file upload_39.pdb (PDB, C-alpha atoms and all ligand atoms)
MODEL        1
ATOM      1  CA  MET A  16      52.246 158.887 120.368
ATOM      2  CA  THR A  17      50.666 157.477 123.526
ATOM      3  CA  ASN A  18      53.223 155.747 125.741
ATOM      4  CA  ILE A  19      51.787 152.386 126.831
ATOM      5  CA  ASN A  20      54.778 151.221 128.858
ATOM      6  CA  GLY A  21      53.544 150.298 132.356
ATOM      7  CA  LYS A  22      49.850 150.310 131.405
ATOM      8  CA  ILE A  23      47.624 147.477 132.629
ATOM      9  CA  ALA A  24      45.465 145.384 130.288
ATOM     10  CA  LEU A  25      42.780 142.757 130.715
ATOM     11  CA  ILE A  26      42.679 140.389 127.727
ATOM     12  CA  THR A  27      39.826 137.872 127.540
ATOM     13  CA  GLY A  28      40.192 134.765 125.405
ATOM     14  CA  ALA A  29      43.931 134.930 126.012
ATOM     15  CA  SER A  30      44.474 131.155 126.076
ATOM     16  CA  SER A  31      44.800 130.876 122.274
ATOM     17  CA  GLY A  32      44.645 132.641 118.920
ATOM     18  CA  ILE A  33      44.293 136.415 118.712
ATOM     19  CA  GLY A  34      44.126 136.913 122.491
ATOM     20  CA  ALA A  35      47.351 135.014 123.166
ATOM     21  CA  ALA A  36      49.123 136.867 120.350
ATOM     22  CA  ALA A  37      47.900 140.212 121.704
ATOM     23  CA  ALA A  38      49.126 139.319 125.196
ATOM     24  CA  LEU A  39      52.612 138.581 123.844
ATOM     25  CA  LYS A  40      52.789 141.799 121.792
ATOM     26  CA  LEU A  41      51.411 144.046 124.540
ATOM     27  CA  ALA A  42      53.706 142.514 127.151
ATOM     28  CA  ALA A  43      56.679 143.040 124.821
ATOM     29  CA  ALA A  44      55.646 146.722 124.644
ATOM     30  CA  GLY A  45      55.779 146.984 128.454
ATOM     31  CA  VAL A  46      52.069 146.463 129.220
ATOM     32  CA  LYS A  47      51.236 144.385 132.304
ATOM     33  CA  VAL A  48      48.727 141.850 131.018
ATOM     34  CA  GLY A  49      45.927 140.105 132.878
ATOM     35  CA  ILE A  50      45.417 137.001 130.736
ATOM     36  CA  ALA A  51      41.913 135.578 131.156
ATOM     37  CA  ALA A  52      40.208 132.400 129.911
ATOM     38  CA  ARG A  53      38.958 129.039 131.212
ATOM     39  CA  ARG A  54      41.968 126.884 130.198
ATOM     40  CA  THR A  55      44.445 127.892 132.894
ATOM     41  CA  ASP A  56      47.091 125.390 131.735
ATOM     42  CA  ARG A  57      47.329 127.339 128.482
ATOM     43  CA  LEU A  58      47.429 130.634 130.392
ATOM     44  CA  GLU A  59      50.242 129.391 132.659
ATOM     45  CA  ALA A  60      52.292 128.414 129.583
ATOM     46  CA  LEU A  61      51.631 131.854 128.059
ATOM     47  CA  LYS A  62      52.644 133.569 131.307
ATOM     48  CA  ALA A  63      55.894 131.583 131.351
ATOM     49  CA  ASP A  64      56.605 132.682 127.767
ATOM     50  CA  ILE A  65      55.891 136.334 128.633
ATOM     51  CA  THR A  66      57.981 136.353 131.819
ATOM     52  CA  ASP A  67      60.869 134.550 130.060
ATOM     53  CA  LYS A  68      60.945 137.511 127.680
ATOM     54  CA  GLY A  69      60.989 140.008 130.569
ATOM     55  CA  GLY A  70      57.260 140.832 130.572
ATOM     56  CA  ASP A  71      54.676 140.882 133.322
ATOM     57  CA  ALA A  72      51.527 138.704 133.272
ATOM     58  CA  LEU A  73      48.829 137.606 135.706
ATOM     59  CA  VAL A  74      46.778 134.463 135.049
ATOM     60  CA  LEU A  75      43.024 134.962 135.560
ATOM     61  CA  GLU A  76      40.704 131.965 135.416
ATOM     62  CA  MET A  77      37.579 133.512 133.955
ATOM     63  CA  ASP A  78      34.384 132.373 132.259
ATOM     64  CA  VAL A  79      33.021 135.546 130.671
ATOM     65  CA  VAL A  80      29.477 134.153 130.847
ATOM     66  CA  ASP A  81      29.689 134.058 134.643
ATOM     67  CA  ALA A  82      29.488 137.665 135.929
ATOM     68  CA  ALA A  83      30.859 136.677 139.358
ATOM     69  CA  SER A  84      33.908 135.069 137.748
ATOM     70  CA  VAL A  85      34.470 138.206 135.654
ATOM     71  CA  GLU A  86      34.160 140.516 138.674
ATOM     72  CA  ALA A  87      36.591 138.350 140.684
ATOM     73  CA  GLY A  88      39.144 138.402 137.845
ATOM     74  CA  VAL A  89      38.850 142.161 137.376
ATOM     75  CA  LYS A  90      39.291 142.731 141.125
ATOM     76  CA  LYS A  91      42.332 140.447 141.251
ATOM     77  CA  LEU A  92      43.968 142.285 138.328
ATOM     78  CA  ALA A  93      43.202 145.758 139.707
ATOM     79  CA  ASP A  94      44.362 144.762 143.217
ATOM     80  CA  THR A  95      47.610 143.319 141.849
ATOM     81  CA  TYR A  96      48.629 146.085 139.448
ATOM     82  CA  GLY A  97      46.612 149.094 140.690
ATOM     83  CA  SER A  98      44.007 149.598 137.951
ATOM     84  CA  ILE A  99      43.017 148.607 134.418
ATOM     85  CA  ASP A 100      43.823 150.907 131.489
ATOM     86  CA  ILE A 101      43.096 148.619 128.534
ATOM     87  CA  LEU A 102      40.295 146.081 128.080
ATOM     88  CA  PHE A 103      40.519 143.669 125.151
ATOM     89  CA  ASN A 104      37.100 142.006 124.857
ATOM     90  CA  ASN A 105      38.182 139.118 122.673
ATOM     91  CA  ALA A 106      36.639 135.841 123.946
ATOM     92  CA  GLY A 107      34.331 134.339 121.348
ATOM     93  CA  LEU A 108      33.283 131.266 119.414
ATOM     94  CA  MET A 109      31.923 130.461 115.970
ATOM     95  CA  PRO A 110      30.255 127.052 115.540
ATOM     96  CA  LEU A 111      28.851 127.381 112.010
ATOM     97  CA  SER A 112      25.680 125.665 110.795
ATOM     98  CA  ASP A 113      22.567 126.384 108.759
ATOM     99  CA  VAL A 114      19.617 127.658 110.764
ATOM    100  CA  ASP A 115      17.447 124.697 109.668
ATOM    101  CA  GLN A 116      19.819 122.368 111.526
ATOM    102  CA  LEU A 117      18.389 123.901 114.718
ATOM    103  CA  LYS A 118      21.603 123.735 116.720
ATOM    104  CA  VAL A 119      19.874 125.862 119.335
ATOM    105  CA  ARG A 120      22.404 125.174 122.080
ATOM    106  CA  GLU A 121      25.197 126.479 119.844
ATOM    107  CA  TRP A 122      23.150 129.601 119.040
ATOM    108  CA  HIS A 123      22.638 130.320 122.724
ATOM    109  CA  ARG A 124      26.289 129.677 123.483
ATOM    110  CA  MET A 125      27.347 132.242 120.858
ATOM    111  CA  VAL A 126      24.940 134.832 122.262
ATOM    112  CA  ASP A 127      26.108 134.089 125.809
ATOM    113  CA  VAL A 128      29.846 134.343 125.101
ATOM    114  CA  ASN A 129      30.109 136.732 122.137
ATOM    115  CA  VAL A 130      27.527 139.253 123.378
ATOM    116  CA  LYS A 131      26.644 138.788 127.044
ATOM    117  CA  GLY A 132      30.231 137.857 127.986
ATOM    118  CA  LEU A 133      31.505 141.051 126.367
ATOM    119  CA  LEU A 134      28.880 143.052 128.258
ATOM    120  CA  ASN A 135      29.884 141.382 131.543
ATOM    121  CA  THR A 136      33.552 142.338 131.185
ATOM    122  CA  THR A 137      32.699 145.842 130.020
ATOM    123  CA  ALA A 138      30.446 146.369 133.042
ATOM    124  CA  ALA A 139      33.144 145.114 135.406
ATOM    125  CA  VAL A 140      35.972 147.267 134.003
ATOM    126  CA  LEU A 141      34.165 150.470 133.020
ATOM    127  CA  PRO A 142      33.833 151.874 136.584
ATOM    128  CA  LEU A 143      37.634 151.733 136.998
ATOM    129  CA  MET A 144      38.161 153.604 133.724
ATOM    130  CA  ILE A 145      35.496 156.174 134.569
ATOM    131  CA  LYS A 146      37.121 156.747 137.961
ATOM    132  CA  GLN A 147      40.543 157.375 136.435
ATOM    133  CA  HIS A 148      39.023 159.330 133.514
ATOM    134  CA  SER A 149      40.958 157.311 130.912
ATOM    135  CA  GLY A 150      40.993 153.950 129.216
ATOM    136  CA  HIS A 151      40.874 152.070 125.924
ATOM    137  CA  ILE A 152      38.372 149.301 125.178
ATOM    138  CA  PHE A 153      38.848 146.957 122.208
ATOM    139  CA  ASN A 154      35.890 144.798 121.175
ATOM    140  CA  THR A 155      36.449 141.912 118.781
ATOM    141  CA  SER A 156      33.727 141.925 116.177
ATOM    142  CA  SER A 157      34.496 140.443 112.732
ATOM    143  CA  ILE A 158      33.948 140.937 109.019
ATOM    144  CA  ALA A 159      30.823 139.009 110.092
ATOM    145  CA  GLY A 160      29.892 142.103 112.100
ATOM    146  CA  ARG A 161      29.730 144.116 108.861
ATOM    147  CA  LYS A 162      28.304 141.579 106.382
ATOM    148  CA  VAL A 163      26.144 138.456 106.550
ATOM    149  CA  PHE A 164      27.228 135.040 105.277
ATOM    150  CA  LYS A 165      25.292 131.788 104.848
ATOM    151  CA  GLY A 166      25.925 129.363 107.680
ATOM    152  CA  LEU A 167      26.904 132.255 109.948
ATOM    153  CA  SER A 168      23.452 133.718 110.645
ATOM    154  CA  VAL A 169      23.671 133.581 114.431
ATOM    155  CA  TYR A 170      27.408 134.333 114.540
ATOM    156  CA  CYS A 171      26.811 137.362 112.279
ATOM    157  CA  ALA A 172      23.962 138.458 114.548
ATOM    158  CA  THR A 173      26.270 138.339 117.581
ATOM    159  CA  LYS A 174      29.077 140.181 115.803
ATOM    160  CA  HIS A 175      26.694 142.839 114.414
ATOM    161  CA  ALA A 176      25.631 143.325 118.041
ATOM    162  CA  VAL A 177      29.287 143.817 119.024
ATOM    163  CA  THR A 178      29.782 146.355 116.220
ATOM    164  CA  ALA A 179      26.643 148.278 117.196
ATOM    165  CA  PHE A 180      27.489 148.233 120.899
ATOM    166  CA  SER A 181      31.040 149.406 120.203
ATOM    167  CA  ASP A 182      29.891 152.422 118.229
ATOM    168  CA  GLY A 183      27.306 153.385 120.833
ATOM    169  CA  LEU A 184      29.802 152.899 123.655
ATOM    170  CA  ARG A 185      32.341 155.074 121.822
ATOM    171  CA  MET A 186      29.792 157.877 121.529
ATOM    172  CA  GLU A 187      28.826 157.636 125.205
ATOM    173  CA  VAL A 188      32.221 157.297 126.925
ATOM    174  CA  GLY A 189      34.621 159.156 124.607
ATOM    175  CA  GLN A 190      34.056 162.827 125.310
ATOM    176  CA  LYS A 191      32.395 162.229 128.693
ATOM    177  CA  HIS A 192      34.953 159.888 130.288
ATOM    178  CA  ASN A 193      38.021 160.118 128.008
ATOM    179  CA  ILE A 194      37.750 156.421 127.111
ATOM    180  CA  ARG A 195      38.628 155.299 123.577
ATOM    181  CA  VAL A 196      36.697 152.431 121.958
ATOM    182  CA  THR A 197      38.016 150.399 119.036
ATOM    183  CA  CYS A 198      35.975 147.767 117.213
ATOM    184  CA  ILE A 199      38.187 145.111 115.607
ATOM    185  CA  GLN A 200      36.740 143.407 112.526
ATOM    186  CA  PRO A 201      39.146 140.746 111.269
ATOM    187  CA  GLY A 202      38.798 138.584 108.207
ATOM    188  CA  ALA A 203      40.144 135.030 108.296
ATOM    189  CA  VAL A 204      42.753 134.482 111.012
ATOM    190  CA  ALA A 205      44.532 131.146 111.576
ATOM    191  CA  THR A 206      43.430 130.198 115.110
ATOM    192  CA  GLU A 207      41.533 127.448 116.919
ATOM    193  CA  LEU A 208      38.203 129.151 116.158
ATOM    194  CA  TYR A 209      37.242 126.664 113.463
ATOM    195  CA  ASP A 210      37.839 123.633 115.723
ATOM    196  CA  GLN A 211      34.400 124.153 117.311
ATOM    197  CA  ILE A 212      32.473 123.708 114.059
ATOM    198  CA  THR A 213      30.381 120.556 114.522
ATOM    199  CA  ASP A 214      28.770 120.660 111.043
ATOM    200  CA  PRO A 215      31.022 118.464 108.831
ATOM    201  CA  GLY A 216      30.210 120.421 105.635
ATOM    202  CA  TYR A 217      31.137 123.811 107.062
ATOM    203  CA  ARG A 218      34.173 122.353 108.813
ATOM    204  CA  GLN A 219      35.416 120.999 105.469
ATOM    205  CA  GLN A 220      34.664 124.367 103.844
ATOM    206  CA  MET A 221      36.871 126.161 106.386
ATOM    207  CA  ASP A 222      39.661 123.597 105.941
ATOM    208  CA  ASP A 223      39.450 124.066 102.153
ATOM    209  CA  LEU A 224      39.547 127.840 102.564
ATOM    210  CA  ALA A 225      42.811 127.550 104.441
ATOM    211  CA  THR A 226      44.374 125.838 101.429
ATOM    212  CA  GLN A 227      43.134 128.551  99.051
ATOM    213  CA  MET A 228      44.382 131.659 100.824
ATOM    214  CA  THR A 229      46.994 132.883 103.251
ATOM    215  CA  PHE A 230      45.145 133.581 106.493
ATOM    216  CA  LEU A 231      46.171 136.347 108.862
ATOM    217  CA  GLN A 232      48.031 135.369 112.017
ATOM    218  CA  GLY A 233      46.926 136.461 115.488
ATOM    219  CA  ALA A 234      50.086 138.579 115.621
ATOM    220  CA  ASP A 235      48.860 140.606 112.619
ATOM    221  CA  ILE A 236      45.769 141.648 114.575
ATOM    222  CA  ALA A 237      47.905 142.345 117.646
ATOM    223  CA  ASP A 238      50.083 144.714 115.579
ATOM    224  CA  THR A 239      47.035 146.766 114.595
ATOM    225  CA  ILE A 240      45.928 146.947 118.238
ATOM    226  CA  LEU A 241      49.311 148.477 119.078
ATOM    227  CA  VAL A 242      48.806 151.116 116.376
ATOM    228  CA  ALA A 243      45.441 152.127 117.879
ATOM    229  CA  LEU A 244      46.804 152.065 121.444
ATOM    230  CA  GLN A 245      49.852 154.174 120.603
ATOM    231  CA  ALA A 246      47.917 156.762 118.578
ATOM    232  CA  PRO A 247      48.028 160.267 120.097
ATOM    233  CA  ALA A 248      45.610 160.701 123.018
ATOM    234  CA  HIS A 249      43.123 162.767 120.970
ATOM    235  CA  VAL A 250      42.876 160.050 118.261
ATOM    236  CA  ASN A 251      40.300 157.257 118.523
ATOM    237  CA  VAL A 252      40.851 154.531 115.913
ATOM    238  CA  ALA A 253      37.190 153.523 115.993
ATOM    239  CA  GLU A 254      37.420 150.524 113.645
ATOM    240  CA  LEU A 255      40.129 148.104 112.569
ATOM    241  CA  PHE A 256      38.871 146.209 109.493
ATOM    242  CA  VAL A 257      41.815 143.920 108.757
ATOM    243  CA  LEU A 258      41.733 141.278 106.018
ATOM    244  CA  PRO A 259      44.104 138.884 104.283
ATOM    245  CA  VAL A 260      45.113 140.264 100.884
ATOM    246  CA  ASP A 261      43.710 137.027  99.399
ATOM    247  CA  GLN A 262      40.265 137.517 100.983
ATOM    248  CA  ALA A 263      38.211 138.729  98.018
ATOM    249  CA  TRP A 264      34.850 138.723  99.825
TER     250      TRP A 264
HETATM  251  N1  LIG A 301      39.832 133.476 113.669
HETATM  252  C1  LIG A 301      39.125 134.263 112.856
HETATM  253  O1  LIG A 301      39.110 134.074 111.625
HETATM  254  C2  LIG A 301      38.343 135.409 113.430
HETATM  255  C3  LIG A 301      37.842 136.373 112.549
HETATM  256  C4  LIG A 301      37.082 137.421 113.066
HETATM  257  C5  LIG A 301      36.851 137.502 114.417
HETATM  258  N2  LIG A 301      37.341 136.544 115.263
HETATM  259  C6  LIG A 301      37.040 136.674 116.692
HETATM  260  O2  LIG A 301      38.264 136.726 117.389
HETATM  261  C7  LIG A 301      38.053 136.365 118.745
HETATM  262  C8  LIG A 301      39.152 135.403 119.184
HETATM  263  O3  LIG A 301      39.008 134.190 118.477
HETATM  264  P1  LIG A 301      40.246 133.366 117.887
HETATM  265  O4  LIG A 301      40.101 133.391 116.432
HETATM  266  O5  LIG A 301      41.513 133.795 118.497
HETATM  267  O6  LIG A 301      39.816 131.873 118.336
HETATM  268  P2  LIG A 301      40.335 130.889 119.478
HETATM  269  O7  LIG A 301      41.772 130.582 119.269
HETATM  270  O8  LIG A 301      39.351 129.769 119.471
HETATM  271  O9  LIG A 301      40.191 131.746 120.804
HETATM  272  C9  LIG A 301      38.951 131.928 121.461
HETATM  273  C10 LIG A 301      39.227 132.322 122.887
HETATM  274  O10 LIG A 301      37.977 132.572 123.535
HETATM  275  C11 LIG A 301      38.014 131.981 124.817
HETATM  276  N3  LIG A 301      36.682 131.666 125.311
HETATM  277  C12 LIG A 301      35.696 130.954 124.719
HETATM  278  N4  LIG A 301      34.636 130.843 125.528
HETATM  279  C13 LIG A 301      34.965 131.508 126.668
HETATM  280  C14 LIG A 301      34.292 131.757 127.894
HETATM  281  N5  LIG A 301      33.059 131.294 128.129
HETATM  282  N6  LIG A 301      34.919 132.477 128.849
HETATM  283  C15 LIG A 301      36.157 132.936 128.640
HETATM  284  N7  LIG A 301      36.866 132.746 127.504
HETATM  285  C16 LIG A 301      36.259 132.031 126.533
HETATM  286  C17 LIG A 301      38.868 130.730 124.639
HETATM  287  O11 LIG A 301      39.459 130.377 125.890
HETATM  288  P3  LIG A 301      39.034 129.123 126.818
HETATM  289  O12 LIG A 301      38.416 128.095 125.921
HETATM  290  O13 LIG A 301      40.314 128.699 127.433
HETATM  291  O14 LIG A 301      38.090 129.713 127.820
HETATM  292  C18 LIG A 301      39.938 131.234 123.673
HETATM  293  O15 LIG A 301      40.999 131.810 124.391
HETATM  294  C19 LIG A 301      36.634 135.769 118.808
HETATM  295  O16 LIG A 301      35.762 136.739 119.351
HETATM  296  C20 LIG A 301      36.300 135.525 117.347
HETATM  297  O17 LIG A 301      34.922 135.548 117.099
HETATM  298  C21 LIG A 301      38.091 135.523 114.798
ENDMDL
END

call {"tool": "encode", "arguments": {"input": "upload_39.pdb", "output": "structure tokens"}}
result
Amino acid sequence: MTNINGKIALITGASSGIGAAAALKLAAAGVKVGIAARRTDRLEALKADITDKGGDALVLEMDVVDAASVEAGVKKLADTYGSIDILFNNAGLMPLSDVDQLKVREWHRMVDVNVKGLLNTTAAVLPLMIKQHSGHIFNTSSIAGRKVFKGLSVYCATKHAVTAFSDGLRMEVGQKHNIRVTCIQPGAVATELYDQITDPGYRQQMDDLATQMTFLQGADIADTILVALQAPAHVNVAELFVLPVDQAW
């Protein structure tokens, strides 16, 4: 088992959903968590929850699309706690629509946050991990990074990019720099992700889905992250494909 007590993590998209749940679970396991997002009021409330339970958290206002904001947050976290051992690239969004609706701004936003944002944080943290010759990077892809669904064409394209990048990154930094890379591919998780769907038909479809099956909770994904983190040092859990039992697709 790898002991993670005292390790330092940067978690993007920590203001809600999977990221917030991961911050709580990692902090409870003794990890010092840098919690990053744009909504700092939510991050402050999360920090209060973590510190009330005896954990250690640092609020980082960060827009992953803005490389300067990412670099400033990474520097603040490394200066405060000494380094960064774990990067959870989790910020993302999923505004569904059919391609013929031409919601071009939403397409670009998904590419900017889900792909370029993840690359920005990876570029900012990787030098620290290379220097210390250790680290663990988690990238949040999706079942939509393995399969394609109607209405999710652009989202699937971004998540396939995350899956591809994760596998390539694992090959390049594993043996050479002793950095583990895990690609997380969840099915349906009950979070705020669906709130950004502006297409009324797809929004209704997601609401209906929630009445037909028991979604995962963010904490379920966080539990699997702990399994990968605590695996023996020579073990790289390369993929976590985690689905609700009810998800038959
Ligand atoms: N829920 C699911 O069913 C599901 C399934 C598979 C994969 N995923 C993936 O899981 C990840 C987390 O999503 P979630 O389900 O937990 O949804 P969520 O509750 O909506 O969380 C999304 C997080 O991303 C952050 N974010 C969005 N844009 C950002 C930006 N420009 N800069 C920094 N942070 C940004 C949000 O924070 P701020 O708005 O405060 O910045 C929020 O904390 C996403 O990558 C998503 O694609 C979710």

call {"tool": "residues_near_ligand", "arguments": {"input": "upload_39.pdb", "ligand": "ligand LIG 301 (chain A)", "cutoff": "7 Å", "atoms": "all atoms listed in the file", "output": "PyMOL selection string"}}
result
chain A and resi 27-34+51-55+77-80+105-109+128-129+155-158+200-208+233

call {"tool": "write_last_selection", "arguments": {"input": "upload_39.pdb", "atoms": "C-alpha atoms", "output": "PDB file, in the coordinates of the input"}}
result
ATOM      1  CA  THR A  27      39.826 137.872 127.540  1.00  0.00           C
ATOM      2  CA  GLY A  28      40.192 134.765 125.405  1.00  0.00           C
ATOM      3  CA  ALA A  29      43.931 134.930 126.012  1.00  0.00           C
ATOM      4  CA  SER A  30      44.474 131.155 126.076  1.00  0.00           C
ATOM      5  CA  SER A  31      44.800 130.876 122.274  1.00  0.00           C
ATOM      6  CA  GLY A  32      44.645 132.641 118.920  1.00  0.00           C
ATOM      7  CA  ILE A  33      44.293 136.415 118.712  1.00  0.00           C
ATOM      8  CA  GLY A  34      44.126 136.913 122.491  1.00  0.00           C
ATOM      9  CA  ALA A  51      41.913 135.578 131.156  1.00  0.00           C
ATOM     10  CA  ALA A  52      40.208 132.400 129.911  1.00  0.00           C
ATOM     11  CA  ARG A  53      38.958 129.039 131.212  1.00  0.00           C
ATOM     12  CA  ARG A  54      41.968 126.884 130.198  1.00  0.00           C
ATOM     13  CA  THR A  55      44.445 127.892 132.894  1.00  0.00           C
ATOM     14  CA  MET A  77      37.579 133.512 133.955  1.00  0.00           C
ATOM     15  CA  ASP A  78      34.384 132.373 132.259  1.00  0.00           C
ATOM     16  CA  VAL A  79      33.021 135.546 130.671  1.00  0.00           C
ATOM     17  CA  VAL A  80      29.477 134.153 130.847  1.00  0.00           C
ATOM     18  CA  ASN A 105      38.182 139.118 122.673  1.00  0.00           C
ATOM     19  CA  ALA A 106      36.639 135.841 123.946  1.00  0.00           C
ATOM     20  CA  GLY A 107      34.331 134.339 121.348  1.00  0.00           C
ATOM     21  CA  LEU A 108      33.283 131.266 119.414  1.00  0.00           C
ATOM     22  CA  MET A 109      31.923 130.461 115.970  1.00  0.00           C
ATOM     23  CA  VAL A 128      29.846 134.343 125.101  1.00  0.00           C
ATOM     24  CA  ASN A 129      30.109 136.732 122.137  1.00  0.00           C
ATOM     25  CA  THR A 155      36.449 141.912 118.781  1.00  0.00           C
ATOM     26  CA  SER A 156      33.727 141.925 116.177  1.00  0.00           C
ATOM     27  CA  SER A 157      34.496 140.443 112.732  1.00  0.00           C
ATOM     28  CA  ILE A 158      33.948 140.937 109.019  1.00  0.00           C
ATOM     29  CA  GLN A 200      36.740 143.407 112.526  1.00  0.00           C
ATOM     30  CA  PRO A 201      39.146 140.746 111.269  1.00  0.00           C
ATOM     31  CA  GLY A 202      38.798 138.584 108.207  1.00  0.00           C
ATOM     32  CA  ALA A 203      40.144 135.030 108.296  1.00  0.00           C
ATOM     33  CA  VAL A 204      42.753 134.482 111.012  1.00  0.00           C
ATOM     34  CA  ALA A 205      44.532 131.146 111.576  1.00  0.00           C
ATOM     35  CA  THR A 206      43.430 130.198 115.110  1.00  0.00           C
ATOM     36  CA  GLU A 207      41.533 127.448 116.919  1.00  0.00           C
ATOM     37  CA  LEU A 208      38.203 129.151 116.158  1.00  0.00           C
ATOM     38  CA  GLY A 233      46.926 136.461 115.488  1.00  0.00           C
TER      39      GLY A 233
END

call {"tool": "residues_around", "arguments": {"input": "upload_39.pdb", "residues": "Val126 in chain A", "least_positions_apart": "4", "cutoff": "9 Å", "atoms": "only C-alpha atoms", "output": "PyMOL selection string"}}
result
chain A and resi 121-122+130-132+169-170+172-173

call {"tool": "atom_distance", "arguments": {"input": "upload_39.pdb", "atom1": "CA of Lys146 in chain A", "atom2": "CA of Tyr96 in chain A"}}
result
15.8 Å

call {"tool": "resolve_selection", "arguments": {"input": "upload_39.pdb", "expression": "the PyMOL selection byres (((chain A and resi 221) around 12) and not hetatm)", "output": "ChimeraX atom specification"}}
result
/A:109-111,166,203-220,222-228,230

call {"tool": "axis_aligned_box", "arguments": {"input": "upload_39.pdb", "around": "range 192-198 of chain A", "padding_each_side": "4 Å", "output": "JSON"}}
result
{"center_x": 36.8, "center_y": 153.9, "center_z": 123.8, "size_x": 11.7, "size_y": 20.4, "size_z": 21.1}

call {"tool": "residues_around", "arguments": {"input": "upload_39.pdb", "residues": "Val196 in chain A", "least_positions_apart": "4", "cutoff": "6 Å", "atoms": "all atoms listed in the file", "output": "list in words"}}
result
His151, Ile152, Phe153 and Arg185 of chain A

call {"tool": "write_last_selection", "arguments": {"input": "upload_39.pdb", "atoms": "C-alpha atoms", "output": "PDB file, in the frame of the given file"}}
result
ATOM      1  CA  HIS A 151      40.874 152.070 125.924  1.00  0.00           C
ATOM      2  CA  ILE A 152      38.372 149.301 125.178  1.00  0.00           C
ATOM      3  CA  PHE A 153      38.848 146.957 122.208  1.00  0.00           C
ATOM      4  CA  ARG A 185      32.341 155.074 121.822  1.00  0.00           C
TER       5      ARG A 185
END

call {"tool": "resolve_selection", "arguments": {"input": "upload_39.pdb", "expression": "the PyMOL selection byres (((chain A and resi 89-94) around 8) and not hetatm)", "output": "mmCIF file with C-alpha atoms, keeping the file's coordinate frame"}}
result
data_model
loop_
_atom_site.group_PDB
_atom_site.id
_atom_site.type_symbol
_atom_site.label_atom_id
_atom_site.label_comp_id
_atom_site.auth_asym_id
_atom_site.auth_seq_id
_atom_site.Cartn_x
_atom_site.Cartn_y
_atom_site.Cartn_z
ATOM 1 C CA LEU A 25 42.780 142.757 130.715
ATOM 2 C CA GLY A 49 45.927 140.105 132.878
ATOM 3 C CA LEU A 73 48.829 137.606 135.706
ATOM 4 C CA LEU A 75 43.024 134.962 135.560
ATOM 5 C CA VAL A 85 34.470 138.206 135.654
ATOM 6 C CA GLU A 86 34.160 140.516 138.674
ATOM 7 C CA ALA A 87 36.591 138.350 140.684
ATOM 8 C CA GLY A 88 39.144 138.402 137.845
ATOM 9 C CA THR A 95 47.610 143.319 141.849
ATOM 10 C CA TYR A 96 48.629 146.085 139.448
ATOM 11 C CA GLY A 97 46.612 149.094 140.690
ATOM 12 C CA SER A 98 44.007 149.598 137.951
ATOM 13 C CA ILE A 99 43.017 148.607 134.418
ATOM 14 C CA ALA A 139 33.144 145.114 135.406
ATOM 15 C CA VAL A 140 35.972 147.267 134.003
#

call {"tool": "atom_distance", "arguments": {"input": "upload_39.pdb", "atom1": "CA of Leu58 in chain A", "atom2": "CA of Gly70 in chain A"}}
result
14.2 Å

call {"tool": "atom_distance", "arguments": {"input": "upload_39.pdb", "atom1": "CA of Asp261 in chain A", "atom2": "CA of Asp235 in chain A"}}
result
14.6 Å

call {"tool": "residues_around", "arguments": {"input": "upload_39.pdb", "residues": "Ile101 in chain A", "least_positions_apart": "2", "cutoff": "12 Å", "atoms": "all atoms listed in the file", "output": "compact mmCIF listing (two decimals) with C-alpha atoms, keeping the file's coordinate frame"}}
result
# COMPACT_ATOMS: atom_id res chain seq x y z
CA ILE A 19 51.79 152.39 126.83
CA ASN A 20 54.78 151.22 128.86
CA GLY A 21 53.54 150.30 132.36
CA LYS A 22 49.85 150.31 131.40
CA ILE A 23 47.62 147.48 132.63
CA ALA A 24 45.46 145.38 130.29
CA LEU A 25 42.78 142.76 130.72
CA ILE A 26 42.68 140.39 127.73
CA THR A 27 39.83 137.87 127.54
CA ALA A 37 47.90 140.21 121.70
CA ALA A 38 49.13 139.32 125.20
CA LEU A 41 51.41 144.05 124.54
CA VAL A 46 52.07 146.46 129.22
CA LYS A 47 51.24 144.38 132.30
CA VAL A 48 48.73 141.85 131.02
CA GLY A 49 45.93 140.10 132.88
CA VAL A 89 38.85 142.16 137.38
CA LEU A 92 43.97 142.28 138.33
CA ALA A 93 43.20 145.76 139.71
CA SER A 98 44.01 149.60 137.95
CA ILE A 99 43.02 148.61 134.42
CA PHE A 103 40.52 143.67 125.15
CA ASN A 104 37.10 142.01 124.86
CA THR A 136 33.55 142.34 131.18
CA THR A 137 32.70 145.84 130.02
CA VAL A 140 35.97 147.27 134.00
CA LEU A 141 34.16 150.47 133.02
CA LEU A 143 37.63 151.73 137.00
CA MET A 144 38.16 153.60 133.72
CA SER A 149 40.96 157.31 130.91
CA GLY A 150 40.99 153.95 129.22
CA HIS A 151 40.87 152.07 125.92
CA ILE A 152 38.37 149.30 125.18
CA PHE A 153 38.85 146.96 122.21
CA ASN A 154 35.89 144.80 121.18
CA ILE A 194 37.75 156.42 127.11
CA ARG A 195 38.63 155.30 123.58
CA VAL A 196 36.70 152.43 121.96
CA THR A 197 38.02 150.40 119.04
CA ILE A 240 45.93 146.95 118.24
CA LEU A 241 49.31 148.48 119.08
CA ALA A 243 45.44 152.13 117.88
CA LEU A 244 46.80 152.06 121.44
CA GLN A 245 49.85 154.17 120.60

call {"tool": "residues_around", "arguments": {"input": "upload_39.pdb", "residues": "Lys62 in chain A", "least_positions_apart": "2", "cutoff": "8 Å", "atoms": "all atoms listed in the file", "output": "PDB file with C-alpha atoms, in the coordinates of the input"}}
result
ATOM      1  CA  LEU A  58      47.429 130.634 130.392  1.00  0.00           C
ATOM      2  CA  GLU A  59      50.242 129.391 132.659  1.00  0.00           C
ATOM      3  CA  ALA A  60      52.292 128.414 129.583  1.00  0.00           C
ATOM      4  CA  ASP A  64      56.605 132.682 127.767  1.00  0.00           C
ATOM      5  CA  ILE A  65      55.891 136.334 128.633  1.00  0.00           C
ATOM      6  CA  THR A  66      57.981 136.353 131.819  1.00  0.00           C
ATOM      7  CA  ASP A  71      54.676 140.882 133.322  1.00  0.00           C
ATOM      8  CA  ALA A  72      51.527 138.704 133.272  1.00  0.00           C
ATOM      9  CA  LEU A  73      48.829 137.606 135.706  1.00  0.00           C
ATOM     10  CA  VAL A  74      46.778 134.463 135.049  1.00  0.00           C
TER      11      VAL A  74
END
